[in-house]
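Here is the structure we will look at, set down as structure tokens.
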Amino acid sequence: MELTEAGPEPPNLMPQDFQTMELEPYAEPLNGALPMEVCWTEVSFVLSRMAACGGNSKNKVTVARHVWDFLTRESPAKLLKLKEENKVKVSIDGETSDFYVLRLSTEGHAPPNGLYLGRKALKALLKETEKELKKVQRQYELAGCMAFSDKNATELLYRGSGIAARGQQARGVPGSSGGAIGGGSSRELRREDPSGEDDQENQCPICLGEIQNIKTLEKCKHSFCEDCITRALQVKKACPMCGRFYGQLVGNQPENGKMLVSKDSSLLLPGYEKYGTIIIQYVFLPGIQGAEHPNPGVRYPGTTRVAYLPDCPEGNKVLALFRKAFDQRLTFTIGTSMTTGRPNVITWNDIHHKTNCSGGPQLFGYPDPTYLARVQEELRAKGIAED
């Protein structure tokens, strides 16, 4: 979210357009009242933007990208039947890195309540699709292929659904999570002689076939086909089984930023009333995009972001991880603002921060009992973990 001077509000903004919004895969856009108390001017800006985000949610549904992609790829006939029966069109009205905003519109001689029925049917179909996706994941787990913590494992789950249905073996690699990758070496892989291994240990978790030319990752000791793991590590240097990272992920966050940390013992976060609050302020001056950015040579404006953590042992642990992510240029990137549509600005880069003290997950604030655990998983997926 970019901090700019107050001006006309952009039309039809939805709350899920905000980086820290955490929605169920098929959740509706939220239109609840906003809390009156805020902590900082930056948070006031966020909430003022949210207040203008009512929009028309009667014809919109928010869905997780991997659920929608799975539905359109594996069950297009179901979606087509829904459209025909309810005489509606379903189009993508907006998107973030994690979600699609779907818009429903009537076509032909649709009944007066066609949109209502179509939206209700679509939500039911999305719930059914999510259950199917989880079922495929469980089949992989039973087969010895642990589910990836990364949402990019969806591509492998696609292949898995075909394997489960046909009883065939297929080779595949998990999807890329983006970013420039450095570090790592061939010494992190160790050859082994597969002779003497039992059948279960001889099964490659990636292709589900018998391991060919076994290679074992040095840190976590998980074994794969040489070809499978080599290709997997080319797109993401992490173990497909446990997510253990190999090498260092380096982002393209502007280099002129500062991460400032202060503590306020009198500011209490809901759910952490026994502790004070850690206040993180990210400050970036205006600059010019480099070769690693979308439009080299084009200027970008400066920005300031504020985030909050409880000053408890777990909160300080997350603070240290946030510092690592910032130093590796992973916290921000340059792109198009999801809230204003403005290009060439500094935006969040998929590491969720709490930018409000209160309001719960819907308003990027507390209480949120599982936030500290979730954000550590996000950081671990980028190779950011305790030493």
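Identifiers in the structure tokens: chain A, B, ... in order shown; residue index from 1 per chain; ligand index from 1 in order shown.
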Shell around Cys220 of chain A at 9 Å using only C-alpha atoms, local window under 6 positions removed, as a PyMOL selection string:
chain A and resi 239+242+244
Thr336 of chain A: which residues within 12 Å, counting only C-alpha atoms, same-chain residues fewer than 2 positions away excluded, as a PyMOL selection string?
chain A and resi 1-2+17+95-97+293-295+300+333-334+338-349
Could you save the residues just selected, with C-alpha atoms, as an mmCIF file, in the first residue's frame?
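Below is the file selection15.cif, written as the result:
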data_model
loop_
_atom_site.group_PDB
_atom_site.id
_atom_site.type_symbol
_atom_site.label_atom_id
_atom_site.label_comp_id
_atom_site.auth_asym_id
_atom_site.auth_seq_id
_atom_site.Cartn_x
_atom_site.Cartn_y
_atom_site.Cartn_z
ATOM 1 C CA MET A 1 0.000 0.000 0.000
ATOM 2 C CA GLU A 2 1.430 3.380 -1.001
ATOM 3 C CA ASP A 17 -6.875 -5.804 -2.418
ATOM 4 C CA GLU A 95 -6.313 -10.160 -8.388
ATOM 5 C CA THR A 96 -3.490 -10.194 -5.866
ATOM 6 C CA SER A 97 -0.635 -12.651 -5.507
ATOM 7 C CA HIS A 293 13.158 -3.818 -11.596
ATOM 8 C CA PRO A 294 10.230 -3.808 -14.072
ATOM 9 C CA ASN A 295 11.125 -0.481 -15.723
ATOM 10 C CA TYR A 300 9.622 5.631 -8.132
ATOM 11 C CA THR A 333 9.442 -4.852 -4.382
ATOM 12 C CA ILE A 334 8.578 -2.376 -7.131
ATOM 13 C CA MET A 338 -3.144 -3.196 -5.841
ATOM 14 C CA THR A 339 -5.063 -0.405 -4.094
ATOM 15 C CA THR A 340 -4.620 2.489 -6.506
ATOM 16 C CA GLY A 341 -3.464 0.815 -9.721
ATOM 17 C CA ARG A 342 -0.517 3.188 -9.781
ATOM 18 C CA PRO A 343 2.559 1.666 -11.503
ATOM 19 C CA ASN A 344 6.217 1.998 -10.543
ATOM 20 C CA VAL A 345 5.708 2.201 -6.782
ATOM 21 C CA ILE A 346 7.106 0.323 -3.777
ATOM 22 C CA THR A 347 4.774 -2.513 -2.731
ATOM 23 C CA TRP A 348 4.735 -5.311 -0.165
ATOM 24 C CA ASN A 349 6.285 -8.587 -1.321
#
Using only C-alpha atoms, find the one residue out of A:Leu102, A:Val67, A:Leu117, A:Ile351 that sits nearest to Glu85 of chain A.
A:Leu117
Can you pull out the residues contacting segment 383-385 of chain A? Cut-off 12 Å, using only C-alpha atoms, and skip same-chain residues under 2 positions away; I want them as a PyMOL selection string.
chain A and resi 150+177+179+181-184+236-239+242-251+317-331+351+375-381+387
Only N, CA and C atoms, please: the residues just picked out, written as a compact mmCIF listing (two decimals), in the first residue's frame.
# COMPACT_ATOMS: atom_id res chain seq x y z
N ASP A 150 4.37 -24.35 0.32
CA ASP A 150 4.26 -23.29 -0.66
C ASP A 150 3.02 -23.49 -1.51
N SER A 177 8.69 -19.96 -7.04
CA SER A 177 8.12 -18.92 -6.18
C SER A 177 8.70 -17.54 -6.50
N GLY A 179 11.84 -14.64 -7.62
CA GLY A 179 12.98 -14.08 -6.89
C GLY A 179 14.28 -14.61 -7.44
N ILE A 181 17.88 -16.24 -6.99
CA ILE A 181 18.41 -17.20 -6.04
C ILE A 181 19.92 -17.25 -6.16
N GLY A 182 20.58 -17.17 -5.01
CA GLY A 182 22.04 -17.26 -5.01
C GLY A 182 22.48 -18.29 -4.02
N GLY A 183 23.76 -18.57 -3.97
CA GLY A 183 24.28 -19.54 -3.00
C GLY A 183 24.00 -20.94 -3.44
N GLY A 184 24.20 -21.90 -2.52
CA GLY A 184 23.97 -23.32 -2.82
C GLY A 184 25.14 -23.88 -3.60
N LYS A 236 13.39 -23.76 -7.53
CA LYS A 236 13.28 -23.32 -6.14
C LYS A 236 14.24 -24.13 -5.29
N LYS A 237 15.16 -23.44 -4.67
CA LYS A 237 16.20 -24.14 -3.90
C LYS A 237 15.69 -24.49 -2.51
N ALA A 238 14.69 -25.37 -2.47
CA ALA A 238 14.13 -25.84 -1.20
C ALA A 238 13.74 -27.29 -1.36
N CYS A 239 13.84 -28.05 -0.27
CA CYS A 239 13.46 -29.46 -0.30
C CYS A 239 11.95 -29.57 -0.53
N CYS A 242 10.24 -31.07 2.94
CA CYS A 242 10.15 -30.35 4.22
C CYS A 242 10.28 -28.84 4.08
N GLY A 243 10.62 -28.35 2.88
CA GLY A 243 10.75 -26.91 2.68
C GLY A 243 12.08 -26.33 3.13
N ARG A 244 12.99 -27.19 3.60
CA ARG A 244 14.31 -26.69 4.04
C ARG A 244 15.00 -26.01 2.87
N PHE A 245 15.49 -24.80 3.11
CA PHE A 245 16.02 -24.00 2.02
C PHE A 245 17.50 -24.27 1.80
N TYR A 246 17.91 -24.26 0.53
CA TYR A 246 19.30 -24.44 0.14
C TYR A 246 19.73 -23.23 -0.68
N GLY A 247 20.73 -22.52 -0.18
CA GLY A 247 21.12 -21.30 -0.85
C GLY A 247 20.41 -20.11 -0.22
N GLN A 248 20.49 -18.96 -0.85
CA GLN A 248 19.91 -17.73 -0.31
C GLN A 248 19.07 -17.04 -1.37
N LEU A 249 17.84 -16.73 -0.99
CA LEU A 249 16.93 -16.01 -1.87
C LEU A 249 17.18 -14.51 -1.72
N VAL A 250 17.41 -13.83 -2.82
CA VAL A 250 17.67 -12.39 -2.81
C VAL A 250 16.62 -11.70 -3.65
N GLY A 251 15.98 -10.67 -3.08
CA GLY A 251 14.92 -9.97 -3.79
C GLY A 251 15.42 -8.73 -4.51
N LYS A 317 11.37 -12.84 18.13
CA LYS A 317 11.90 -13.82 17.18
C LYS A 317 11.49 -13.44 15.76
N VAL A 318 10.21 -13.06 15.59
CA VAL A 318 9.73 -12.64 14.27
C VAL A 318 10.44 -11.36 13.84
N LEU A 319 10.68 -10.45 14.78
CA LEU A 319 11.40 -9.22 14.46
C LEU A 319 12.77 -9.52 13.87
N ALA A 320 13.49 -10.47 14.46
CA ALA A 320 14.81 -10.83 13.94
C ALA A 320 14.70 -11.41 12.53
N LEU A 321 13.64 -12.18 12.27
CA LEU A 321 13.43 -12.74 10.94
C LEU A 321 13.06 -11.65 9.94
N PHE A 322 12.24 -10.68 10.39
CA PHE A 322 11.91 -9.54 9.53
C PHE A 322 13.18 -8.79 9.14
N ARG A 323 14.10 -8.65 10.08
CA ARG A 323 15.36 -7.96 9.79
C ARG A 323 16.16 -8.71 8.73
N LYS A 324 16.19 -10.04 8.84
CA LYS A 324 16.89 -10.85 7.83
C LYS A 324 16.24 -10.65 6.45
N ALA A 325 14.91 -10.73 6.43
CA ALA A 325 14.21 -10.58 5.15
C ALA A 325 14.48 -9.21 4.54
N PHE A 326 14.49 -8.17 5.38
CA PHE A 326 14.76 -6.82 4.88
C PHE A 326 16.18 -6.72 4.34
N ASP A 327 17.14 -7.30 5.06
CA ASP A 327 18.53 -7.26 4.62
C ASP A 327 18.73 -8.02 3.31
N GLN A 328 17.90 -9.05 3.08
CA GLN A 328 17.99 -9.81 1.83
C GLN A 328 17.09 -9.22 0.75
N ARG A 329 16.54 -8.05 1.00
CA ARG A 329 15.74 -7.30 0.03
C ARG A 329 14.48 -8.06 -0.40
N LEU A 330 13.84 -8.70 0.58
CA LEU A 330 12.66 -9.52 0.29
C LEU A 330 11.35 -8.91 0.76
N THR A 331 11.40 -7.88 1.59
CA THR A 331 10.18 -7.36 2.21
C THR A 331 9.34 -6.55 1.23
N ILE A 351 5.25 -10.91 2.39
CA ILE A 351 5.55 -11.21 3.79
C ILE A 351 4.59 -10.35 4.61
N VAL A 375 3.35 -16.21 9.87
CA VAL A 375 4.35 -15.39 9.19
C VAL A 375 5.71 -16.06 9.22
N GLN A 376 5.99 -16.85 10.24
CA GLN A 376 7.25 -17.60 10.26
C GLN A 376 7.27 -18.65 9.16
N GLU A 377 6.11 -19.23 8.83
CA GLU A 377 6.03 -20.17 7.71
C GLU A 377 6.29 -19.45 6.39
N GLU A 378 5.72 -18.25 6.24
CA GLU A 378 5.96 -17.46 5.03
C GLU A 378 7.45 -17.15 4.89
N LEU A 379 8.06 -16.78 5.98
CA LEU A 379 9.49 -16.47 5.95
C LEU A 379 10.33 -17.71 5.66
N ARG A 380 9.94 -18.83 6.24
CA ARG A 380 10.68 -20.08 6.02
C ARG A 380 10.63 -20.46 4.54
N ALA A 381 9.49 -20.21 3.88
CA ALA A 381 9.36 -20.52 2.46
C ALA A 381 10.32 -19.70 1.61
N ASP A 387 19.05 -19.11 12.82
CA ASP A 387 20.35 -19.73 12.55
C ASP A 387 20.48 -21.04 13.30
Contact check, segment 223-277 of chain A to segment 281-289 of chain A, at most 12 Å, counting only C-alpha atoms, closest pairs as JSON lines:
{"residue": "A:Asn252", "atom": "CA", "partner": "A:Gln289", "partner_atom": "CA", "distance": 9.8}
{"residue": "A:Gln253", "atom": "CA", "partner": "A:Gln289", "partner_atom": "CA", "distance": 10.0}
{"residue": "A:Pro254", "atom": "CA", "partner": "A:Phe284", "partner_atom": "CA", "distance": 7.9}
{"residue": "A:Glu255", "atom": "CA", "partner": "A:Phe284", "partner_atom": "CA", "distance": 8.6}
{"residue": "A:Asn256", "atom": "CA", "partner": "A:Phe284", "partner_atom": "CA", "distance": 6.1}
{"residue": "A:Gly257", "atom": "CA", "partner": "A:Phe284", "partner_atom": "CA", "distance": 4.3}
{"residue": "A:Lys258", "atom": "CA", "partner": "A:Val283", "partner_atom": "CA", "distance": 5.2}
{"residue": "A:Met259", "atom": "CA", "partner": "A:Tyr282", "partner_atom": "CA", "distance": 4.7}
{"residue": "A:Leu260", "atom": "CA", "partner": "A:Gln281", "partner_atom": "CA", "distance": 5.0}
{"residue": "A:Val261", "atom": "CA", "partner": "A:Gln281", "partner_atom": "CA", "distance": 6.4}
{"residue": "A:Ser262", "atom": "CA", "partner": "A:Gln281", "partner_atom": "CA", "distance": 8.4}
{"residue": "A:Lys263", "atom": "CA", "partner": "A:Gln281", "partner_atom": "CA", "distance": 11.2}
Write out, as an mmCIF file, in the first residue's frame, the residues just selected, with C-alpha atoms.
data_model
loop_
_atom_site.group_PDB
_atom_site.id
_atom_site.type_symbol
_atom_site.label_atom_id
_atom_site.label_comp_id
_atom_site.auth_asym_id
_atom_site.auth_seq_id
_atom_site.Cartn_x
_atom_site.Cartn_y
_atom_site.Cartn_z
ATOM 1 C CA ASN A 252 14.825 -6.668 -5.683
ATOM 2 C CA GLN A 253 13.734 -4.366 -2.867
ATOM 3 C CA PRO A 254 15.111 -0.833 -3.384
ATOM 4 C CA GLU A 255 18.460 -0.471 -1.654
ATOM 5 C CA ASN A 256 17.842 3.006 -0.223
ATOM 6 C CA GLY A 257 15.428 1.856 2.496
ATOM 7 C CA LYS A 258 15.762 1.823 6.275
ATOM 8 C CA MET A 259 14.122 -0.421 8.870
ATOM 9 C CA LEU A 260 13.664 1.499 12.124
ATOM 10 C CA VAL A 261 12.587 -0.287 15.313
ATOM 11 C CA SER A 262 11.269 1.174 18.561
ATOM 12 C CA LYS A 263 9.313 -0.176 21.526
#
